[in-house]
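Enquirer: One file is attached below, protein_33.pdb, containing PDB, C-alpha atoms.
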ATOM      1  CA  MET A 254      78.484  84.536 160.325
ATOM      2  CA  THR A 255      79.364  87.923 158.842
ATOM      3  CA  LEU A 256      83.132  88.088 159.301
ATOM      4  CA  SER A 257      85.970  85.616 159.768
ATOM      5  CA  ILE A 258      89.193  87.186 161.051
ATOM      6  CA  CYS A 259      91.782  84.634 159.958
ATOM      7  CA  ILE A 260      95.326  84.628 161.332
ATOM      8  CA  PRO A 261      97.943  82.351 159.735
ATOM      9  CA  THR A 262     100.863  82.066 162.135
ATOM     10  CA  TYR A 263     104.247  80.450 162.628
ATOM     11  CA  ASN A 264     106.489  80.947 165.661
ATOM     12  CA  ARG A 265     105.076  84.375 166.529
ATOM     13  CA  LEU A 266     103.958  83.631 170.086
ATOM     14  CA  SER A 267     105.021  87.006 171.480
ATOM     15  CA  PHE A 268     102.996  88.816 168.800
ATOM     16  CA  LEU A 269      99.954  86.554 169.231
ATOM     17  CA  LYS A 270      99.888  87.278 172.958
ATOM     18  CA  GLU A 271      99.403  90.935 172.057
ATOM     19  CA  LEU A 272      97.218  90.516 168.984
ATOM     20  CA  LEU A 273      94.643  87.922 170.065
ATOM     21  CA  PRO A 274      93.491  89.677 173.266
ATOM     22  CA  ALA A 275      93.087  92.886 171.248
ATOM     23  CA  ILE A 276      90.906  91.118 168.676
ATOM     24  CA  LEU A 277      88.952  88.908 171.074
ATOM     25  CA  GLY A 278      88.249  91.887 173.309
ATOM     26  CA  GLN A 279      86.478  93.584 170.396
ATOM     27  CA  VAL A 280      84.736  90.404 169.249
ATOM     28  CA  ASP A 281      83.479  89.535 172.741
ATOM     29  CA  SER A 282      81.740  92.897 172.966
ATOM     30  CA  GLY A 283      78.473  91.543 171.578
ATOM     31  CA  ARG A 284      79.946  90.618 168.192
ATOM     32  CA  ALA A 285      78.316  87.222 167.765
ATOM     33  CA  GLU A 286      78.587  87.527 163.983
ATOM     34  CA  VAL A 287      82.409  87.427 164.070
ATOM     35  CA  GLU A 288      84.726  84.443 164.441
ATOM     36  CA  VAL A 289      88.496  84.442 164.959
ATOM     37  CA  VAL A 290      90.386  81.663 163.175
ATOM     38  CA  VAL A 291      94.051  80.813 163.769
ATOM     39  CA  SER A 292      95.993  78.388 161.581
ATOM     40  CA  ASP A 293      99.190  77.428 163.400
ATOM     41  CA  ASN A 294     101.668  76.266 160.770
ATOM     42  CA  ALA A 295     103.368  73.637 162.965
ATOM     43  CA  SER A 296     105.065  76.209 165.182
ATOM     44  CA  THR A 297     107.993  74.982 167.246
ATOM     45  CA  ASP A 298     107.409  77.465 170.074
ATOM     46  CA  ASP A 299     104.541  77.346 172.590
ATOM     47  CA  THR A 300     101.897  78.727 170.219
ATOM     48  CA  ALA A 301      99.629  75.664 170.515
ATOM     49  CA  ASP A 302      99.755  75.717 174.319
ATOM     50  CA  TYR A 303      98.847  79.392 174.343
ATOM     51  CA  LEU A 304      95.921  78.920 171.967
ATOM     52  CA  ARG A 305      94.688  75.996 174.036
ATOM     53  CA  SER A 306      94.746  78.156 177.150
ATOM     54  CA  LEU A 307      92.419  80.785 175.670
ATOM     55  CA  SER A 308      89.297  78.569 175.387
ATOM     56  CA  ASN A 309      87.237  81.384 173.871
ATOM     57  CA  GLN A 310      83.983  80.487 172.089
ATOM     58  CA  ARG A 311      84.721  83.011 169.348
ATOM     59  CA  LEU A 312      88.067  81.360 168.619
ATOM     60  CA  ARG A 313      88.722  78.383 166.335
ATOM     61  CA  TRP A 314      92.250  77.132 165.817
ATOM     62  CA  TRP A 315      94.274  74.169 164.678
ATOM     63  CA  THR A 316      97.901  73.154 164.285
ATOM     64  CA  ASN A 317      98.970  71.814 160.897
ATOM     65  CA  GLU A 318     100.717  68.447 161.067
ATOM     66  CA  THR A 319     103.617  69.897 159.057
ATOM     67  CA  ASN A 320     104.656  73.356 157.936
ATOM     68  CA  ILE A 321     102.813  73.791 154.628
ATOM     69  CA  GLY A 322     104.407  77.155 153.807
ATOM     70  CA  GLY A 323     103.106  80.639 154.442
ATOM     71  CA  ASP A 324     101.068  81.062 151.263
ATOM     72  CA  ARG A 325      99.377  77.669 151.553
ATOM     73  CA  ASN A 326      98.545  78.520 155.140
ATOM     74  CA  PHE A 327      96.865  81.730 153.943
ATOM     75  CA  LEU A 328      94.716  79.689 151.586
ATOM     76  CA  LYS A 329      93.870  77.138 154.258
ATOM     77  CA  CYS A 330      92.509  79.963 156.402
ATOM     78  CA  VAL A 331      90.238  81.077 153.562
ATOM     79  CA  ALA A 332      89.069  77.524 152.916
ATOM     80  CA  GLU A 333      88.161  76.976 156.586
ATOM     81  CA  ALA A 334      86.490  80.365 157.146
ATOM     82  CA  LYS A 335      82.724  80.395 157.730
ATOM     83  CA  GLY A 336      82.016  84.106 157.408
ATOM     84  CA  GLU A 337      80.468  85.910 154.457
ATOM     85  CA  TYR A 338      83.606  88.077 154.548
ATOM     86  CA  VAL A 339      87.180  87.018 155.237
ATOM     87  CA  TRP A 340      89.808  89.258 156.807
ATOM     88  CA  LEU A 341      93.232  87.649 156.509
ATOM     89  CA  PHE A 342      95.263  89.209 159.289
ATOM     90  CA  GLY A 343      99.046  89.033 159.610
ATOM     91  CA  ASP A 344     100.254  87.640 162.930
ATOM     92  CA  ASP A 345     102.762  90.482 163.218
ATOM     93  CA  ASP A 346     100.223  93.247 162.552
ATOM     94  CA  ILE A 347      98.278  95.235 165.156
ATOM     95  CA  MET A 348      94.502  95.486 165.543
ATOM     96  CA  PRO A 349      93.582  99.091 166.446
ATOM     97  CA  ALA A 350      90.892  99.729 169.027
ATOM     98  CA  GLY A 351      87.419  99.850 167.508
ATOM     99  CA  ALA A 352      88.518  98.467 164.129
ATOM    100  CA  VAL A 353      86.190  95.468 164.136
ATOM    101  CA  GLY A 354      83.133  97.609 164.821
ATOM    102  CA  ARG A 355      84.051 100.122 162.111
ATOM    103  CA  VAL A 356      84.574  97.359 159.585
ATOM    104  CA  LEU A 357      81.292  95.608 160.413
ATOM    105  CA  ASP A 358      79.354  98.862 160.135
ATOM    106  CA  PHE A 359      80.779  99.494 156.660
ATOM    107  CA  LEU A 360      80.127  95.943 155.472
ATOM    108  CA  ARG A 361      76.510  96.038 156.651
ATOM    109  CA  GLN A 362      75.820  99.451 155.169
ATOM    110  CA  HIS A 363      77.484  99.083 151.765
ATOM    111  CA  ASN A 364      77.923  95.334 151.085
ATOM    112  CA  PRO A 365      81.160  95.796 149.076
ATOM    113  CA  ALA A 366      82.946  92.962 147.318
ATOM    114  CA  LEU A 367      86.221  94.209 148.807
ATOM    115  CA  LEU A 368      87.153  96.623 151.589
ATOM    116  CA  ILE A 369      90.702  97.986 151.542
ATOM    117  CA  SER A 370      92.684  99.621 154.339
ATOM    118  CA  VAL A 371      94.567 102.750 153.230
ATOM    119  CA  ASP A 372      97.435 104.256 155.215
ATOM    120  CA  CYS A 373      96.355 107.869 154.749
ATOM    121  CA  ASP A 374      93.904 110.468 156.039
ATOM    122  CA  ALA A 375      91.363 109.945 153.241
ATOM    123  CA  ASP A 376      87.679 109.672 154.077
ATOM    124  CA  THR A 377      85.917 106.334 153.891
ATOM    125  CA  ARG A 378      84.757 105.877 150.306
ATOM    126  CA  LEU A 379      82.809 103.472 148.092
ATOM    127  CA  TYR A 380      83.571 102.977 144.385
ATOM    128  CA  ASP A 381      81.642 101.243 141.623
ATOM    129  CA  SER A 382      84.745  99.513 140.287
ATOM    130  CA  TYR A 383      88.428  98.906 140.965
ATOM    131  CA  GLY A 384      89.496 101.027 137.996
ATOM    132  CA  VAL A 385      87.506 104.025 139.221
ATOM    133  CA  MET A 386      89.064 103.626 142.657
ATOM    134  CA  LEU A 387      92.606 103.653 141.221
ATOM    135  CA  LYS A 388      91.827 106.715 139.117
ATOM    136  CA  ASP A 389      90.738 108.567 142.252
ATOM    137  CA  MET A 390      93.197 107.180 144.811
ATOM    138  CA  GLY A 391      96.253 106.604 142.586
ATOM    139  CA  ASP A 392      97.852 103.530 141.022
ATOM    140  CA  GLU A 393     100.169 103.072 144.014
ATOM    141  CA  LEU A 394      97.221 101.715 145.985
ATOM    142  CA  ALA A 395      97.189  98.602 143.779
ATOM    143  CA  LEU A 396     100.456  97.470 145.347
ATOM    144  CA  ALA A 397      99.942  99.081 148.752
ATOM    145  CA  HIS A 398      96.994  96.849 149.572
ATOM    146  CA  THR A 399      98.876  93.620 148.830
ATOM    147  CA  LEU A 400      99.645  93.710 152.558
ATOM    148  CA  ILE A 401      97.912  90.606 153.861
ATOM    149  CA  SER A 402      95.893  92.461 156.515
ATOM    150  CA  ALA A 403      94.721  95.272 154.222
ATOM    151  CA  ASN A 404      91.887  93.378 152.502
ATOM    152  CA  ILE A 405      88.475  92.197 153.641
ATOM    153  CA  PHE A 406      86.767  90.288 150.842
ATOM    154  CA  LYS A 407      83.651  88.270 150.121
ATOM    155  CA  ARG A 408      84.543  84.634 150.570
ATOM    156  CA  GLU A 409      82.300  83.465 147.718
ATOM    157  CA  LEU A 410      84.291  85.589 145.241
ATOM    158  CA  PHE A 411      87.679  84.152 146.204
ATOM    159  CA  ASP A 412      89.099  82.036 143.350
ATOM    160  CA  MET A 413      90.848  79.205 145.184
ATOM    161  CA  ASP A 414      91.871  77.406 141.988
ATOM    162  CA  LEU A 415      93.661  80.473 140.643
ATOM    163  CA  ALA A 416      95.280  81.129 144.015
ATOM    164  CA  VAL A 417      96.679  77.593 144.107
ATOM    165  CA  GLU A 418      97.894  77.941 140.522
ATOM    166  CA  LYS A 419      99.757  81.136 141.465
ATOM    167  CA  LEU A 420     101.385  79.833 144.645
ATOM    168  CA  TRP A 421     104.792  80.040 142.974
ATOM    169  CA  VAL A 422     104.424  83.835 142.626
ATOM    170  CA  GLN A 423     104.076  84.198 146.422
ATOM    171  CA  TYR A 424     101.095  86.532 146.003
ATOM    172  CA  ALA A 425      98.586  83.669 145.934
ATOM    173  CA  HIS A 426      96.039  85.349 148.193
ATOM    174  CA  MET A 427      95.965  88.485 146.003
ATOM    175  CA  PHE A 428      95.289  86.511 142.822
ATOM    176  CA  GLY A 429      92.454  84.729 144.616
ATOM    177  CA  ILE A 430      90.995  87.969 145.967
ATOM    178  CA  MET A 431      91.224  90.025 142.782
ATOM    179  CA  ALA A 432      90.146  87.334 140.298
ATOM    180  CA  ASN A 433      86.441  88.215 140.447
ATOM    181  CA  MET A 434      86.532  91.895 141.426
ATOM    182  CA  ALA A 435      85.960  93.413 137.979
ATOM    183  CA  GLY A 436      82.826  95.559 137.967
ATOM    184  CA  ARG A 437      82.160  95.132 141.691
ATOM    185  CA  LYS A 438      81.898  97.663 144.511
ATOM    186  CA  ILE A 439      85.164  98.458 146.299
ATOM    187  CA  GLY A 440      85.324 100.175 149.676
ATOM    188  CA  VAL A 441      88.294 102.160 150.974
ATOM    189  CA  MET A 442      88.731 102.929 154.657
ATOM    190  CA  PRO A 443      91.679 104.704 156.327
ATOM    191  CA  ARG A 444      93.824 102.668 158.690
ATOM    192  CA  PHE A 445      91.773  99.788 160.025
ATOM    193  CA  VAL A 446      95.055  97.887 160.482
ATOM    194  CA  GLU A 447      98.445  98.969 161.827
ATOM    195  CA  THR A 448     101.826  97.475 160.966
ATOM    196  CA  ARG A 449     104.833  97.120 163.190
ATOM    197  CA  PRO A 450     107.911  99.233 162.429
ATOM    198  CA  VAL A 451     110.046  96.092 162.002
ATOM    199  CA  ARG A 452     108.621  93.418 159.708
ATOM    200  CA  ALA A 453     109.859  90.170 158.201
ATOM    201  CA  GLU A 454     112.543  90.469 155.545
ATOM    202  CA  PHE A 455     111.862  89.369 151.987
ATOM    203  CA  ALA A 456     113.367  86.172 150.685
ATOM    204  CA  LYS A 457     116.458  86.082 148.503
ATOM    205  CA  TYR A 458     116.344  87.927 145.191
ATOM    206  CA  PRO A 459     114.571  85.440 142.877
ATOM    207  CA  SER A 460     111.431  85.636 145.008
ATOM    208  CA  CYS A 461     111.752  89.188 146.302
ATOM    209  CA  LEU A 462     109.213  91.962 146.117
ATOM    210  CA  CYS A 463     109.991  93.360 142.663
ATOM    211  CA  VAL A 464     109.539  89.956 141.013
ATOM    212  CA  LYS A 465     106.144  89.441 142.625
ATOM    213  CA  GLN A 466     105.106  92.965 141.729
ATOM    214  CA  ALA A 467     105.982  92.602 138.047
ATOM    215  CA  ILE A 468     103.936  89.412 137.665
ATOM    216  CA  TYR A 469     101.036  90.731 139.729
ATOM    217  CA  MET A 470     100.850  94.028 137.831
ATOM    218  CA  TRP A 471     100.693  92.138 134.543
ATOM    219  CA  PHE A 472      97.763  90.163 135.951
ATOM    220  CA  LEU A 473      95.977  93.363 137.040
ATOM    221  CA  ALA A 474      96.560  94.926 133.620
ATOM    222  CA  LYS A 475      94.721  92.084 131.926
ATOM    223  CA  ARG A 476      91.997  91.595 134.546
ATOM    224  CA  PHE A 477      91.016  95.273 134.810
ATOM    225  CA  ASN A 478      92.066  96.540 131.365
ATOM    226  CA  LEU A 479      94.900  98.717 132.702
ATOM    227  CA  PRO A 480      97.537  98.963 129.926
ATOM    228  CA  ARG A 481      99.688 101.278 132.049
ATOM    229  CA  PHE A 482     100.207  98.417 134.485
ATOM    230  CA  ARG A 483     101.804  96.377 131.705
ATOM    231  CA  ARG A 484     104.341  99.167 131.264
ATOM    232  CA  ARG A 485     104.997  99.202 135.003
ATOM    233  CA  ALA A 486     105.457  95.438 135.013
ATOM    234  CA  ILE A 487     107.960  95.655 132.157
ATOM    235  CA  TRP A 488     109.795  98.468 133.943
ATOM    236  CA  ASN A 489     110.122  96.287 137.034
ATOM    237  CA  ALA A 490     111.370  93.412 134.903
ATOM    238  CA  CYS A 491     113.979  95.628 133.226
ATOM    239  CA  ASN A 492     115.512  96.297 136.630
ATOM    240  CA  LEU A 493     116.031  92.611 137.369
ATOM    241  CA  PRO A 494     119.070  90.464 136.601
ATOM    242  CA  ILE A 495     118.717  89.219 133.036
ATOM    243  CA  GLU A 496     117.840  85.619 133.940
ATOM    244  CA  TYR A 497     114.868  86.689 136.062
ATOM    245  CA  ALA A 498     113.716  89.361 133.612
ATOM    246  CA  SER A 499     113.712  86.740 130.849
ATOM    247  CA  ARG A 500     111.698  84.335 132.996
ATOM    248  CA  ILE A 501     109.000  86.927 133.700
ATOM    249  CA  TRP A 502     108.862  88.078 130.047
ATOM    250  CA  HIS A 503     108.267  84.538 128.766
ATOM    251  CA  TRP A 504     105.679  83.920 131.497
ATOM    252  CA  CYS A 505     103.742  87.031 130.436
ATOM    253  CA  ARG A 506     103.953  86.137 126.744
ATOM    254  CA  ARG A 507     102.447  82.712 127.394
ATOM    255  CA  ARG A 508      99.502  84.256 129.230
ATOM    256  CA  LYS A 509      98.471  87.000 126.801
TER     257      LYS A 509
END
As structure tokens, please, write out the structure in this file.

Expert:
Amino acid sequence: MTLSICIPTYNRLSFLKELLPAILGQVDSGRAEVEVVVSDNASTDDTADYLRSLSNQRLRWWTNETNIGGDRNFLKCVAEAKGEYVWLFGDDDIMPAGAVGRVLDFLRQHNPALLISVDCDADTRLYDSYGVMLKDMGDELALAHTLISANIFKRELFDMDLAVEKLWVQYAHMFGIMANMAGRKIGVMPRFVETRPVRAEFAKYPSCLCVKQAIYMWFLAKRFNLPRFRRRAIWNACNLPIEYASRIWHWCRRRK
């Protein structure tokens, strides 16, 4: 199995009815090396009935006994995947026509550790390391590809222990993905995933985007020797209410 397209979902039946036919239509076109995996996080709508009605040999799915939380559901998808590569795919994102074929062609040709979707008109590129990629594409890409659907990664490189440890940050999947990427080939491909114009809102302030970004950037600074990311993390922290800024500062100090 080359690729597992893994969809964690919760009460998104209307989106799944659009997304799954789009994916399965591409997978059924002679793509025996691809599986589609859906982890239903104890949805209260008719998600399970819909999945049961599909009965497609390329599709594996289950319903969790209880809602284990979004991030834990991401990790469960990775743990259950059988492919050499894993593509976590948001249930509210859109699979463009031909995306699966383009992705498989790149994976076969270049065998990257990570393939990233970029929302720009850049050519498809291959880099020898993550740092070289950022130098060419810009530091903003480091945060842009935290979108769940923007990363296709080698399953054997995913650090599940670190991801579980970082569940409280709410970027668990990114810690798991990036843990073992130093010195490995990184691919960049324009727009192999599309997002909807209206997406889920972030949680209340203590767990909002800027908090996650500050902690994650500090991690990237250490993992890839990027001192400028430490400065960006501190800048983010300085724009938080004092109690949250203090929490992040002490967390970073403990992990130097």

Enquirer: What is the distance, in Å and to one decimal place, between atom CA of A:Thr377 and atom CA of A:Trp471?

Expert: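 Those two atoms sit 28.2 Å apart.
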
Enquirer: Taking the file as I've supplied it (selection: the PyMOL selection byres ((chain A and resi 415-418) around 10)), which residues are included? Please answer as a PyMOL selection string.

Expert: chain A and resi 324-325+328+411-414+419-432

Enquirer: Go through A:Leu357, A:Leu396, A:Asn478, A:Leu266 and flag the residue nearest A:Lys465, using only C-alpha atoms for the distances.

Expert: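 Of A:Leu357, A:Leu396, A:Asn478, A:Leu266, the one nearest A:Lys465 is A:Leu396, counting only C-alpha atoms.
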
Enquirer: Name the residues in contact with A:His363 at a cut-off of 8 Å, using all atoms listed in the file, excluding same-chain residues fewer than 3 positions from it; report them as a VMD selection string.

Expert: chain A and resid 359 to 360 379

Enquirer: Got a sec to resolve the PyMOL selection byres ((chain A and resi 351) around 10) on this structure and send the residues as a list of chain:residue names?

Expert: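 That expression, the PyMOL selection byres ((chain A and resi 351) around 10), corresponds here to A:Ala275, A:Ile276, A:Gly278, A:Gln279, A:Val280, A:Met348, A:Pro349, A:Ala350, A:Ala352, A:Val353, A:Gly354, A:Arg355, A:Val356, A:Phe445.
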
Enquirer: Save the residues we just selected, C-alpha atoms, as a PDB file, keeping the file's coordinate frame?

Expert:
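out_10.pdb, written as the output of this step:
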ATOM      1  CA  ALA A 275      93.087  92.886 171.248  1.00  0.00           C
ATOM      2  CA  ILE A 276      90.906  91.118 168.676  1.00  0.00           C
ATOM      3  CA  GLY A 278      88.249  91.887 173.309  1.00  0.00           C
ATOM      4  CA  GLN A 279      86.478  93.584 170.396  1.00  0.00           C
ATOM      5  CA  VAL A 280      84.736  90.404 169.249  1.00  0.00           C
ATOM      6  CA  MET A 348      94.502  95.486 165.543  1.00  0.00           C
ATOM      7  CA  PRO A 349      93.582  99.091 166.446  1.00  0.00           C
ATOM      8  CA  ALA A 350      90.892  99.729 169.027  1.00  0.00           C
ATOM      9  CA  ALA A 352      88.518  98.467 164.129  1.00  0.00           C
ATOM     10  CA  VAL A 353      86.190  95.468 164.136  1.00  0.00           C
ATOM     11  CA  GLY A 354      83.133  97.609 164.821  1.00  0.00           C
ATOM     12  CA  ARG A 355      84.051 100.122 162.111  1.00  0.00           C
ATOM     13  CA  VAL A 356      84.574  97.359 159.585  1.00  0.00           C
ATOM     14  CA  PHE A 445      91.773  99.788 160.025  1.00  0.00           C
TER      15      PHE A 445
END

Enquirer: Report the distance between atom CA of A:Met390 and atom CA of A:Val339 in Å, rounded to one decimal place.

Expert: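 A separation of 23.5 Å between them.
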
Enquirer: Care to translate the PyMOL selection byres ((chain A and resi 294) around 10) into actual residues of this file, as a list in words?

Expert: Pro261, Thr262, Tyr263, Asn264, Val291, Ser292, Asp293, Ala295, Ser296, Thr297, Thr300, Ala301, Trp315, Thr316, Asn317, Glu318, Thr319, Asn320, Ile321, Gly322, Gly323, Arg325, Asn326 and Phe327 of chain A

Enquirer: Which residue gives the smallest distance to A:Asn433 among A:Ile258, A:Leu400, A:Phe477, A:Asp392, with all atoms listed in the file counted?

Expert: A:Phe477

Enquirer: Need to verify the contact set: stretch 364-370 of chain A, 6 Å, all atoms listed in the file, exclusion of same-chain residues closer than 5 positions in sequence. Can you return it as an MDAnalysis selection string?

Expert: chainID A and resid 403:407 438:445

Enquirer: Would you please work out which residue, of A:Glu447, A:Ala435, A:Glu393, A:Ala474, is nearest to A:Phe342 when using all atoms listed in the file?

Expert: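 Of all the options, A:Glu447 lies closest to A:Phe342.
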
Enquirer: Can you pull out the residues contacting A:Leu256? Cut-off 8 Å, using only C-alpha atoms, and skip same-chain residues under 6 positions away; I want them as a ChimeraX atom specification.

Expert: /A:286-288,335-340,357

Enquirer: Would you compute the distance between atom CA of A:Asp345 and atom CA of A:Trp314? Give it in Å to one decimal.

Expert: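 Result for atom CA of A:Asp345 versus atom CA of A:Trp314: 17.2 Å, one decimal.
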
Enquirer: Kindly provide, as AutoDock Vina command-line options, the centre and edge lengths (Å, one decimal) of an axis-aligned box around all atoms of stretch 332-347 of chain A given in the file, with 8 Å on each side.

Expert:
--center_x 91.6 --center_y 86.1 --center_z 159.0 --size_x 38.3 --size_y 34.3 --size_z 28.2

Enquirer: Would you kindly return, as an MDAnalysis selection string, each protein, DNA or RNA residue with an atom no farther than 7 Å from any atom of A:Leu341, considering all atoms listed in the file and excluding same-chain residues fewer than 2 positions away?

Expert: chainID A and resid 258:260 339 343 401:402

Enquirer: Calculated over only C-alpha atoms, which of the candidates A:Asp344, A:Arg483, A:Arg378, A:Gly391 has the smallest distance to A:Glu271?

Expert: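 Using only C-alpha atoms, A:Glu271 sits closest to A:Asp344.
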
Enquirer: For A:Ala467, which residue out of A:Met434, A:Ala334, A:Ile347, A:Ile487 is the nearest one, using only C-alpha atoms?

Expert: A:Ile487

Enquirer: Tell me which of A:Glu409, A:Val464, A:Leu479, A:Ala332 sits closest to A:Val385, counting all atoms listed in the file.

Expert: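 Among the listed residues, A:Leu479 lies closest to A:Val385.
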
Enquirer: Restricted to C-alpha atoms, what does stretch 378-456 of chain A look like when written out as a PDB file, in the first residue's frame?

Expert:
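Below is the file that was written, part-v4.pdb:
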ATOM      1  CA  ARG A 378       9.995  21.340  -6.317  1.00  0.00           C
ATOM      2  CA  LEU A 379      12.197  18.960  -4.324  1.00  0.00           C
ATOM      3  CA  TYR A 380      14.570  20.131  -1.574  1.00  0.00           C
ATOM      4  CA  ASP A 381      17.369  18.361   0.267  1.00  0.00           C
ATOM      5  CA  SER A 382      16.247  19.694   3.638  1.00  0.00           C
ATOM      6  CA  TYR A 383      13.506  21.652   5.385  1.00  0.00           C
ATOM      7  CA  GLY A 384      15.809  24.601   6.056  1.00  0.00           C
ATOM      8  CA  VAL A 385      16.732  24.919   2.382  1.00  0.00           C
ATOM      9  CA  MET A 386      13.050  24.821   1.473  1.00  0.00           C
ATOM     10  CA  LEU A 387      12.221  27.665   3.887  1.00  0.00           C
ATOM     11  CA  LYS A 388      15.115  29.743   2.576  1.00  0.00           C
ATOM     12  CA  ASP A 389      13.730  29.409  -0.948  1.00  0.00           C
ATOM     13  CA  MET A 390       9.981  29.499  -0.272  1.00  0.00           C
ATOM     14  CA  GLY A 391       9.888  31.811   2.774  1.00  0.00           C
ATOM     15  CA  ASP A 392       9.431  31.261   6.507  1.00  0.00           C
ATOM     16  CA  GLU A 393       5.663  31.764   6.236  1.00  0.00           C
ATOM     17  CA  LEU A 394       5.390  28.294   4.719  1.00  0.00           C
ATOM     18  CA  ALA A 395       6.336  26.758   8.083  1.00  0.00           C
ATOM     19  CA  LEU A 396       2.988  27.840   9.507  1.00  0.00           C
ATOM     20  CA  ALA A 397       1.006  27.670   6.266  1.00  0.00           C
ATOM     21  CA  HIS A 398       1.415  23.915   5.993  1.00  0.00           C
ATOM     22  CA  THR A 399       0.110  23.239   9.509  1.00  0.00           C
ATOM     23  CA  LEU A 400      -3.235  22.847   7.736  1.00  0.00           C
ATOM     24  CA  ILE A 401      -4.111  19.217   8.360  1.00  0.00           C
ATOM     25  CA  SER A 402      -4.599  18.369   4.672  1.00  0.00           C
ATOM     26  CA  ALA A 403      -1.403  20.055   3.457  1.00  0.00           C
ATOM     27  CA  ASN A 404       1.034  17.277   4.412  1.00  0.00           C
ATOM     28  CA  ILE A 405       1.723  13.824   3.020  1.00  0.00           C
ATOM     29  CA  PHE A 406       4.383  12.098   5.104  1.00  0.00           C
ATOM     30  CA  LYS A 407       6.156   8.777   5.461  1.00  0.00           C
ATOM     31  CA  ARG A 408       4.356   6.828   8.141  1.00  0.00           C
ATOM     32  CA  GLU A 409       7.549   5.244   9.496  1.00  0.00           C
ATOM     33  CA  LEU A 410       8.952   8.703  10.318  1.00  0.00           C
ATOM     34  CA  PHE A 411       5.933   9.824  12.345  1.00  0.00           C
ATOM     35  CA  ASP A 412       6.844  10.134  16.048  1.00  0.00           C
ATOM     36  CA  MET A 413       3.684   8.954  17.798  1.00  0.00           C
ATOM     37  CA  ASP A 414       5.168   9.294  21.288  1.00  0.00           C
ATOM     38  CA  LEU A 415       6.037  12.950  20.739  1.00  0.00           C
ATOM     39  CA  ALA A 416       2.647  13.620  19.163  1.00  0.00           C
ATOM     40  CA  VAL A 417       0.873  12.184  22.206  1.00  0.00           C
ATOM     41  CA  GLU A 418       3.118  14.203  24.514  1.00  0.00           C
ATOM     42  CA  LYS A 419       2.172  17.392  22.641  1.00  0.00           C
ATOM     43  CA  LEU A 420      -1.582  16.801  22.531  1.00  0.00           C
ATOM     44  CA  TRP A 421      -2.103  19.736  24.889  1.00  0.00           C
ATOM     45  CA  VAL A 422      -0.633  22.127  22.285  1.00  0.00           C
ATOM     46  CA  GLN A 423      -3.340  21.128  19.769  1.00  0.00           C
ATOM     47  CA  TYR A 424      -0.743  20.749  17.008  1.00  0.00           C
ATOM     48  CA  ALA A 425      -0.041  17.107  17.869  1.00  0.00           C
ATOM     49  CA  HIS A 426       0.030  15.882  14.277  1.00  0.00           C
ATOM     50  CA  MET A 427       2.618  18.518  13.286  1.00  0.00           C
ATOM     51  CA  PHE A 428       4.989  17.562  16.104  1.00  0.00           C
ATOM     52  CA  GLY A 429       4.684  13.931  15.033  1.00  0.00           C
ATOM     53  CA  ILE A 430       5.275  14.745  11.367  1.00  0.00           C
ATOM     54  CA  MET A 431       8.198  17.129  11.815  1.00  0.00           C
ATOM     55  CA  ALA A 432      10.055  15.229  14.557  1.00  0.00           C
ATOM     56  CA  ASN A 433      12.226  13.222  12.152  1.00  0.00           C
ATOM     57  CA  MET A 434      12.364  15.502   9.105  1.00  0.00           C
ATOM     58  CA  ALA A 435      15.799  17.039   9.702  1.00  0.00           C
ATOM     59  CA  GLY A 436      18.111  16.320   6.775  1.00  0.00           C
ATOM     60  CA  ARG A 437      15.431  14.589   4.697  1.00  0.00           C
ATOM     61  CA  LYS A 438      14.012  15.367   1.260  1.00  0.00           C
ATOM     62  CA  ILE A 439      10.993  17.687   1.229  1.00  0.00           C
ATOM     63  CA  GLY A 440       8.687  18.061  -1.759  1.00  0.00           C
ATOM     64  CA  VAL A 441       6.531  21.106  -2.479  1.00  0.00           C
ATOM     65  CA  MET A 442       3.583  20.954  -4.852  1.00  0.00           C
ATOM     66  CA  PRO A 443       1.089  23.745  -5.644  1.00  0.00           C
ATOM     67  CA  ARG A 444      -2.499  23.233  -4.554  1.00  0.00           C
ATOM     68  CA  PHE A 445      -3.165  19.525  -4.249  1.00  0.00           C
ATOM     69  CA  VAL A 446      -5.847  20.393  -1.670  1.00  0.00           C
ATOM     70  CA  GLU A 447      -8.510  23.109  -1.599  1.00  0.00           C
ATOM     71  CA  THR A 448     -10.100  24.668   1.475  1.00  0.00           C
ATOM     72  CA  ARG A 449     -13.619  25.920   1.878  1.00  0.00           C
ATOM     73  CA  PRO A 450     -14.177  29.670   2.260  1.00  0.00           C
ATOM     74  CA  VAL A 451     -15.847  29.144   5.657  1.00  0.00           C
ATOM     75  CA  ARG A 452     -13.943  26.966   8.120  1.00  0.00           C
ATOM     76  CA  ALA A 453     -14.290  26.034  11.776  1.00  0.00           C
ATOM     77  CA  GLU A 454     -13.608  28.791  14.282  1.00  0.00           C
ATOM     78  CA  PHE A 455     -10.709  28.519  16.702  1.00  0.00           C
ATOM     79  CA  ALA A 456     -11.353  27.752  20.331  1.00  0.00           C
TER      80      ALA A 456
END
